[in-house]
Each structure stands twice: as structure tokens, then as C-alpha cells.
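Listing of upload13.txt; format and content: compact mmCIF, C-alpha atoms and all ligand atoms.
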# COMPACT_ATOMS: atom_id res chain seq x y z
CA MET M 376 -15.07 17.93 3.46
CA PRO M 377 -13.48 16.90 6.78
CA ASP M 378 -11.92 19.62 8.97
CA GLY M 379 -8.99 17.56 10.19
CA ILE M 380 -7.27 14.47 8.76
CA ARG M 381 -4.47 12.72 10.64
CA LEU M 382 -2.60 9.84 9.05
CA HIS M 383 -0.87 7.34 11.30
CA THR M 384 1.93 6.06 9.19
CA TYR M 385 5.48 4.70 8.91
CA PHE M 386 7.73 5.78 6.09
CA ARG M 387 8.43 2.27 4.82
CA SER M 388 4.90 0.93 5.24
CA SER M 389 3.56 0.16 1.79
CA ALA M 390 -0.02 0.11 3.08
CA SER M 391 0.51 3.65 4.43
CA TRP M 392 1.99 4.72 1.11
CA ARG M 393 -1.26 3.65 -0.59
CA VAL M 394 -3.16 6.12 1.58
CA ARG M 395 -0.60 8.89 1.09
CA ILE M 396 -1.00 8.53 -2.68
CA ALA M 397 -4.80 8.63 -2.45
CA LEU M 398 -4.74 11.72 -0.18
CA HIS M 399 -2.37 13.48 -2.57
CA LEU M 400 -4.44 12.57 -5.64
CA LYS M 401 -7.52 13.98 -3.95
CA GLY M 402 -5.71 17.13 -2.88
CA LEU M 403 -6.58 16.54 0.77
CA ASP M 404 -4.33 18.08 3.44
CA TYR M 405 -3.40 15.92 6.38
CA GLN M 406 -1.12 15.73 9.37
CA SER M 407 1.31 12.82 9.46
CA LEU M 408 1.95 10.93 12.71
CA ALA M 409 4.76 8.42 12.44
CA HIS M 410 4.96 5.17 14.41
CA HIS M 411 8.25 3.31 14.29
CA LEU M 412 7.24 -0.22 13.39
CA ARG M 413 10.68 -1.76 13.91
CA LYS M 414 10.70 -0.36 17.45
CA GLY M 415 7.25 -1.89 18.01
CA GLU M 416 5.43 1.41 18.51
CA GLN M 417 2.36 -0.09 16.82
CA THR M 418 1.91 -2.30 19.86
CA SER M 419 1.75 0.55 22.40
CA ASP M 420 -1.47 0.84 24.38
CA SER M 421 -2.12 4.26 22.87
CA PHE M 422 -1.81 2.97 19.31
CA LEU M 423 -3.85 -0.17 19.99
CA ALA M 424 -6.60 2.09 21.31
CA LEU M 425 -6.65 3.63 17.83
CA ASN M 426 -6.28 0.44 15.84
CA PRO M 427 -6.72 -2.80 17.77
CA GLN M 428 -5.01 -4.61 14.89
CA GLY M 429 -1.77 -2.80 15.68
CA LEU M 430 -1.19 -1.92 12.04
CA VAL M 431 -0.60 1.27 10.11
CA PRO M 432 -2.15 3.05 8.38
CA ALA M 433 -4.93 4.46 10.47
CA LEU M 434 -6.69 7.62 9.41
CA GLU M 435 -8.40 9.94 11.85
CA VAL M 436 -11.13 11.96 10.18
CA ASP M 437 -12.67 14.58 12.42
CA GLY M 438 -11.89 12.31 15.36
CA VAL M 439 -13.23 9.09 13.81
CA VAL M 440 -10.59 6.40 13.25
CA LEU M 441 -10.55 4.48 9.99
CA THR M 442 -8.35 1.43 9.45
CA GLN M 443 -7.45 -0.80 6.49
CA SER M 444 -5.83 1.05 3.62
CA LEU M 445 -8.28 -0.08 0.94
CA ALA M 446 -11.30 0.88 3.02
CA ILE M 447 -9.63 4.25 3.64
CA CYS M 448 -8.90 4.76 -0.07
CA GLU M 449 -12.50 3.92 -0.97
CA TYR M 450 -13.74 6.31 1.71
CA LEU M 451 -11.56 9.08 0.27
CA ASP M 452 -12.90 8.25 -3.18
CA GLU M 453 -16.42 8.69 -1.90
CA ILE M 454 -15.88 12.03 -0.17
CA ALA M 455 -13.66 13.45 -2.92
CA PRO M 456 -14.74 11.72 -6.12
CA ARG M 457 -12.23 13.36 -8.49
CA PRO M 458 -10.04 11.83 -9.75
CA GLN M 459 -11.91 8.55 -9.43
CA LEU M 460 -9.90 5.66 -8.03
CA LEU M 461 -12.48 3.11 -9.15
CA PRO M 462 -13.85 3.12 -12.71
CA PRO M 463 -17.58 3.70 -13.27
CA VAL M 464 -18.29 0.46 -15.18
CA PRO M 465 -18.92 -2.44 -12.77
CA LEU M 466 -16.83 -4.98 -14.73
CA ASP M 467 -13.87 -2.58 -14.87
CA ARG M 468 -14.31 -1.81 -11.18
CA ALA M 469 -14.22 -5.52 -10.35
CA LYS M 470 -10.96 -5.90 -12.30
CA VAL M 471 -9.36 -2.97 -10.47
CA ARG M 472 -10.47 -4.35 -7.13
CA ALA M 473 -9.23 -7.83 -8.01
CA LEU M 474 -5.69 -6.61 -8.69
CA SER M 475 -5.75 -4.40 -5.61
CA LEU M 476 -6.90 -7.27 -3.41
CA ALA M 477 -4.45 -9.71 -5.00
CA ILE M 478 -1.71 -7.48 -3.64
CA ALA M 479 -3.28 -6.25 -0.42
CA CYS M 480 -4.75 -9.59 0.72
CA ASP M 481 -2.65 -12.28 -0.88
CA VAL M 482 0.88 -10.88 -1.18
CA HIS M 483 1.53 -8.05 1.26
CA PRO M 484 0.30 -9.81 4.45
CA LEU M 485 2.62 -12.77 3.84
CA GLN M 486 5.71 -10.56 3.85
CA ASN M 487 4.57 -8.25 6.61
CA LEU M 488 6.82 -7.45 9.56
CA ARG M 489 4.89 -9.52 12.09
CA VAL M 490 4.61 -12.57 9.84
CA LEU M 491 8.34 -12.55 9.13
CA GLY M 492 8.89 -12.09 12.87
CA ARG M 493 6.79 -15.18 13.57
CA LEU M 494 8.79 -17.20 11.05
CA ARG M 495 12.02 -16.15 12.79
CA ALA M 496 10.49 -17.00 16.16
CA ALA M 497 9.59 -20.44 14.80
CA GLY M 498 13.27 -21.01 14.13
CA LEU M 499 13.72 -20.09 10.47
CA ASP M 500 17.05 -18.44 9.72
CA GLU M 501 17.32 -15.02 8.10
CA ASP M 502 18.05 -16.38 4.60
CA THR M 503 15.03 -18.67 4.68
CA VAL M 504 12.80 -15.85 5.89
CA ASN M 505 14.01 -13.62 3.07
CA VAL M 506 13.44 -16.36 0.50
CA TRP M 507 9.88 -16.73 1.84
CA ALA M 508 9.23 -13.00 1.40
CA ARG M 509 10.93 -12.83 -2.01
CA ASP M 510 9.11 -15.89 -3.42
CA THR M 511 5.76 -14.68 -2.10
CA ILE M 512 6.22 -11.37 -3.86
CA GLU M 513 7.49 -12.96 -7.07
CA ASP M 514 4.46 -15.28 -7.24
CA GLY M 515 2.16 -12.30 -6.69
CA LEU M 516 3.81 -10.15 -9.34
CA ALA M 517 3.68 -12.99 -11.86
CA ALA M 518 -0.07 -13.23 -11.26
CA CYS M 519 -0.43 -9.44 -11.54
CA ALA M 520 1.41 -9.47 -14.88
CA HIS M 521 -1.21 -11.93 -16.17
CA LEU M 522 -4.09 -9.91 -14.75
CA LEU M 523 -2.78 -6.84 -16.59
CA ALA M 524 -1.95 -8.55 -19.87
CA ASP M 525 -5.12 -7.53 -21.72
CA TYR M 526 -4.94 -3.86 -20.75
CA ALA M 527 -2.98 -1.03 -22.30
CA GLY M 528 -1.18 1.59 -20.23
CA PRO M 529 0.17 3.86 -19.20
CA TYR M 530 -1.42 2.81 -15.91
CA CYS M 531 -2.67 -0.62 -14.83
CA PHE M 532 -6.08 -0.25 -16.39
CA GLY M 533 -5.58 2.40 -19.02
CA GLU M 534 -5.36 6.16 -19.08
CA ALA M 535 -6.45 6.80 -15.50
CA ILE M 536 -4.73 6.03 -12.22
CA THR M 537 -6.80 3.60 -10.17
CA LEU M 538 -6.64 1.83 -6.84
CA ALA M 539 -4.69 -0.92 -8.63
CA ASP M 540 -1.77 1.44 -9.33
CA ILE M 541 -1.94 2.65 -5.74
CA CYS M 542 -1.45 -0.93 -4.56
CA LEU M 543 1.06 -2.03 -7.20
CA VAL M 544 3.70 0.68 -6.90
CA PRO M 545 4.27 0.43 -3.12
CA GLN M 546 4.41 -3.35 -3.46
CA LEU M 547 7.22 -2.95 -5.99
CA ALA M 548 9.21 -1.04 -3.38
CA ASN M 549 8.82 -4.04 -1.08
CA ALA M 550 9.83 -6.32 -3.95
CA ARG M 551 13.11 -4.45 -4.32
CA ARG M 552 13.74 -4.54 -0.60
CA PHE M 553 13.54 -8.34 -0.65
CA GLY M 554 15.43 -8.73 -3.93
CA ALA M 555 12.39 -10.05 -5.83
CA ARG M 556 12.45 -10.19 -9.62
CA ILE M 557 10.41 -7.43 -11.31
CA ASP M 558 11.31 -8.13 -14.92
CA TYR M 559 7.87 -7.63 -16.39
CA PRO M 560 8.07 -4.83 -18.98
CA ARG M 561 4.42 -3.92 -18.47
CA ILE M 562 4.79 -3.63 -14.70
CA GLU M 563 8.02 -1.67 -15.03
CA ALA M 564 6.33 0.73 -17.46
CA ILE M 565 3.39 1.21 -15.08
CA GLU M 566 5.76 1.97 -12.23
CA GLU M 567 7.65 4.50 -14.34
CA ALA M 568 4.41 6.22 -15.39
CA CYS M 569 3.14 6.35 -11.81
CA LEU M 570 6.40 7.64 -10.35
CA ALA M 571 6.34 10.45 -12.90
CA HIS M 572 3.10 11.61 -11.25
CA PRO M 573 3.48 13.90 -8.20
CA ALA M 574 1.00 11.88 -6.13
CA PHE M 575 3.40 8.95 -6.23
CA ALA M 576 6.71 10.82 -6.48
CA GLU M 577 6.06 13.22 -3.60
CA THR M 578 4.76 10.56 -1.23
CA ARG M 579 7.67 8.11 -1.63
CA PRO M 580 8.96 6.47 1.56
CA GLU M 581 12.35 8.15 1.38
CA LEU M 582 10.73 11.60 1.37
CA GLN M 583 8.77 11.05 4.57
CA PRO M 584 9.79 13.01 7.66
CA ASP M 585 10.43 9.76 9.57
CA ALA M 586 12.56 8.20 6.79
CA GLU M 587 15.85 6.68 7.92
N1 LIG V 1 -4.43 -4.87 5.41
C1 LIG V 1 -3.82 -3.78 6.11
C2 LIG V 1 -2.36 -4.07 6.28
C3 LIG V 1 -1.67 -3.08 7.17
C4 LIG V 1 -0.26 -3.53 7.49
O1 LIG V 1 0.05 -4.72 7.41
N2 LIG V 1 0.58 -2.58 7.88
C5 LIG V 1 1.94 -2.92 8.19
C6 LIG V 1 2.90 -1.94 7.55
S1 LIG V 1 2.77 -1.98 5.79
C7 LIG V 1 2.14 -2.88 9.68
O2 LIG V 1 1.60 -2.02 10.34
N3 LIG V 1 2.93 -3.82 10.21
C8 LIG V 1 3.22 -3.85 11.60
C9 LIG V 1 3.37 -5.24 12.11
O3 LIG V 1 3.38 -6.19 11.30
O4 LIG V 1 3.46 -5.37 13.32
C10 LIG V 1 -4.04 -2.48 5.33
O5 LIG V 1 -4.16 -2.56 4.11
O6 LIG V 1 -4.12 -1.42 5.95
Please express what this file holds, its structure, as C-alpha cells.
Ligand SMILES: N[C@@H](CCC(=O)N[C@@H](CS)C(=O)NCC(=O)O)C(=O)O
Amino acid sequence: MPDGIRLHTYFRSSASWRVRIALHLKGLDYQSLAHHLRKGEQTSDSFLALNPQGLVPALEVDGVVLTQSLAICEYLDEIAPRPQLLPPVPLDRAKVRALSLAIACDVHPLQNLRVLGRLRAAGLDEDTVNVWARDTIEDGLAACAHLLADYAGPYCFGEAITLADICLVPQLANARRFGARIDYPRIEAIEEACLAHPAFAETRPELQPDAE
């Protein structure tokens, strides 16, 4: 097990929340280092030296820097295999990854701070930018509802929390922030089940030391 884990984070960052949930589930202690994204601290030379992408989260493990929340979660799953974030059966694992990637690759990046900033810089007004973010999230959640339709709860893919839940719940917080519709009973039930679990409840954005 690593001697020292440092998480570079921001309270409202949903990608950072994914990692906080995984660390909590695995019972791994870590030190939190906050970077204020709205003040642009992710673009400082010192942060770019850690993560040239200028994005949180980044995880320092015994001095080695890991980036990309899903790669970090899979790393944590490998060093601390219980509880498993990815199911043992390859077909199930592919389904969990597909939902996780649908959110992390196809929804979240389109409503990310820098993308919305670029839309504003291109001349879009605030309402149009918000509609972009809201519609992007609504399209993604509609697809997720379909991807989950054949599975029973309480979590996305059954009785065990997986990487899919770790991606879905933080994305729902973003959905609320942008006023996106979340009226899918299955998704609402998954969120409720997850938030009843300490790994989700105790790592919520509003409980972070840098929360505003
Ligand atoms: N694919 C990356 C996304 C990371 C990401 O977009 N982080 C956001 C916060 S949730 C960020 O740092 N945004 C800063 C910016 O857009 O400048 C991951 O999963 O780690």
C-alpha cells in the first residue's frame, strides 16, 4: 500500500468527486490539496508541472503523479481490490465501463469550465451557454437511463457499487447546477441509494474544506 496519497482537487469538480468516492470506498487515507478552478489556479506553472492538462483531479502516490479520474479509480481498484469497482465477468465489466465512459468522455467534457469559457469567448451569451450545458447533460442522462434499463438496483448494475455509480452521482450534481431534467425514476433511485452510503455522502462537494 502507498505511504502517501495526495489528491489535487476542487470541491465542485465532479471528476475529483469520483476519486474521493473511490478513495473512501477503499478506505485509503489521503491529503487533499485544493485548487480554485474559477480563479484559474489549474493554469499555474506549478500545477501544470503536475498535470500538463491543467485539470483536476491529479493524484500523487508516493511522489508519482496520476491523472485522469477513471485511470486513477482503476489504479485504486488494482492496489486495493475490495470492494471491487469493476465486476469480474468481462461482459459486465464492459457494461460498467461503457456507462462510466458515456459520462466521463461524452457528457462531462462538453460542460466543463474551459469549454463553457470558450463558448463565451466565441460570443455566446450566458443563457445560450447554459442551454448548451443543460441540453448536453439531458441527452447524456437519457442515454444512461436506456443503458441501465435492463438492470435492477439498488445501484447502476445491481447489488454492488461500481465505477458507473461513481461517475453517475457526481454528474447528477452538475445536472442540478445547470437545471437539467433528472426525472428518471431509476436514476433518482440509484442516486438515493448511493448518497445513503458514506463513501458518497461524506465526500460530497459541500463538505469539502474548500467548499464555498
Ligand atoms: N477527463 C478528466 C476530466 C477532468 C476535468 O475536466 N476536470 C475539471 C473539473 S471537473 C477541471 O479541472 N476543469 C478545469 C478547466 O476546465 O480549466 C478526468 O476524468 O479526470
Exercise for the section: In Å, rounded to a single decimal, give me how far atom C2 of ligand LIG 1 (chain V) is from atom CA of Arg472 of chain M. Expected result: 15.7 Å
Handout entry: Expected answer as number ranges by chain: residues within 6 Å of ligand LIG 1 (chain V), only C-alpha atoms and all ligand atoms
Key = M: 388-390, 412, 430-432, 443-445, 479, 484, 487-489
Emit the selected residues as a short mmCIF file (atom, residue, chain, number, x, y, z; two decimals), in the frame of the given file, including C-alpha atoms.
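File produced: part03.cif:
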data_model
loop_
_atom_site.label_atom_id
_atom_site.label_comp_id
_atom_site.auth_asym_id
_atom_site.auth_seq_id
_atom_site.Cartn_x
_atom_site.Cartn_y
_atom_site.Cartn_z
CA SER M 388 4.90 0.93 5.24
CA SER M 389 3.56 0.16 1.79
CA ALA M 390 -0.02 0.11 3.08
CA LEU M 412 7.24 -0.22 13.39
CA LEU M 430 -1.19 -1.92 12.04
CA VAL M 431 -0.60 1.27 10.11
CA PRO M 432 -2.15 3.05 8.38
CA GLN M 443 -7.45 -0.80 6.49
CA SER M 444 -5.83 1.05 3.62
CA LEU M 445 -8.28 -0.08 0.94
CA ALA M 479 -3.28 -6.25 -0.42
CA PRO M 484 0.30 -9.81 4.45
CA ASN M 487 4.57 -8.25 6.61
CA LEU M 488 6.82 -7.45 9.56
CA ARG M 489 4.89 -9.52 12.09
#
Handout entry: Minimum-distance residue to Pro456 of chain M, chosen among M:Ala539, M:Leu570, M:Leu403, M:Ala524 (using all atoms listed in the file)
Key = M:Leu403
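Every protein or nucleic acid residue with an atom no more than 8 Å from Ile380 of chain M, counting all atoms listed in the file and leaving out same-chain residues fewer than 6 positions away, appears here: Asp404, Tyr405, Gln406, Leu434, Glu435, Val436 and Asp437 of chain M.
Between Pro462 of chain M and the residues M:Gly528, M:Gly533, M:Gly438, M:Gly415, the shortest atom-to-atom distance, using all atoms listed in the file, involves M:Gly533.
Computed from the coordinates, the atom CA of Gln583 of chain M to atom CA of Phe386 of chain M distance equals 5.6 Å.
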Take segment 510-529 of chain M, bring it up to N, CA and C atoms, and give me the output as a compact mmCIF listing (two decimals), in the coordinates of the input.
# COMPACT_ATOMS: atom_id res chain seq x y z
N ASP M 510 9.91 -14.99 -2.57
CA ASP M 510 9.11 -15.89 -3.42
C ASP M 510 7.63 -15.51 -3.39
N THR M 511 7.16 -15.10 -2.22
CA THR M 511 5.76 -14.68 -2.10
C THR M 511 5.49 -13.50 -3.03
N ILE M 512 6.40 -12.56 -3.02
CA ILE M 512 6.22 -11.37 -3.86
C ILE M 512 6.35 -11.74 -5.33
N GLU M 513 7.32 -12.58 -5.66
CA GLU M 513 7.49 -12.96 -7.07
C GLU M 513 6.24 -13.68 -7.60
N ASP M 514 5.69 -14.59 -6.81
CA ASP M 514 4.46 -15.28 -7.24
C ASP M 514 3.34 -14.27 -7.48
N GLY M 515 3.23 -13.31 -6.57
CA GLY M 515 2.16 -12.30 -6.69
C GLY M 515 2.35 -11.43 -7.92
N LEU M 516 3.58 -11.02 -8.18
CA LEU M 516 3.81 -10.15 -9.34
C LEU M 516 3.58 -10.91 -10.64
N ALA M 517 3.93 -12.19 -10.65
CA ALA M 517 3.68 -12.99 -11.86
C ALA M 517 2.18 -13.02 -12.14
N ALA M 518 1.40 -13.21 -11.09
CA ALA M 518 -0.07 -13.23 -11.26
C ALA M 518 -0.56 -11.86 -11.73
N CYS M 519 -0.01 -10.80 -11.14
CA CYS M 519 -0.43 -9.44 -11.54
C CYS M 519 -0.12 -9.20 -13.01
N ALA M 520 1.05 -9.67 -13.46
CA ALA M 520 1.41 -9.47 -14.88
C ALA M 520 0.35 -10.11 -15.77
N HIS M 521 -0.14 -11.28 -15.39
CA HIS M 521 -1.21 -11.93 -16.17
C HIS M 521 -2.50 -11.13 -16.11
N LEU M 522 -2.83 -10.65 -14.91
CA LEU M 522 -4.09 -9.91 -14.75
C LEU M 522 -4.09 -8.62 -15.58
N LEU M 523 -2.88 -8.11 -15.86
CA LEU M 523 -2.78 -6.84 -16.59
C LEU M 523 -2.59 -7.03 -18.09
N ALA M 524 -2.40 -8.29 -18.50
CA ALA M 524 -1.95 -8.55 -19.87
C ALA M 524 -2.88 -7.99 -20.94
N ASP M 525 -4.17 -7.96 -20.67
CA ASP M 525 -5.12 -7.53 -21.72
C ASP M 525 -5.37 -6.03 -21.71
N TYR M 526 -4.66 -5.30 -20.88
CA TYR M 526 -4.94 -3.86 -20.75
C TYR M 526 -3.74 -3.05 -21.21
N ALA M 527 -4.06 -1.93 -21.87
CA ALA M 527 -2.98 -1.03 -22.30
C ALA M 527 -2.73 -0.01 -21.20
N GLY M 528 -1.55 0.62 -21.25
CA GLY M 528 -1.18 1.59 -20.23
C GLY M 528 -1.69 2.97 -20.54
N PRO M 529 -1.08 3.96 -19.96
CA PRO M 529 0.17 3.86 -19.20
C PRO M 529 0.01 3.27 -17.79
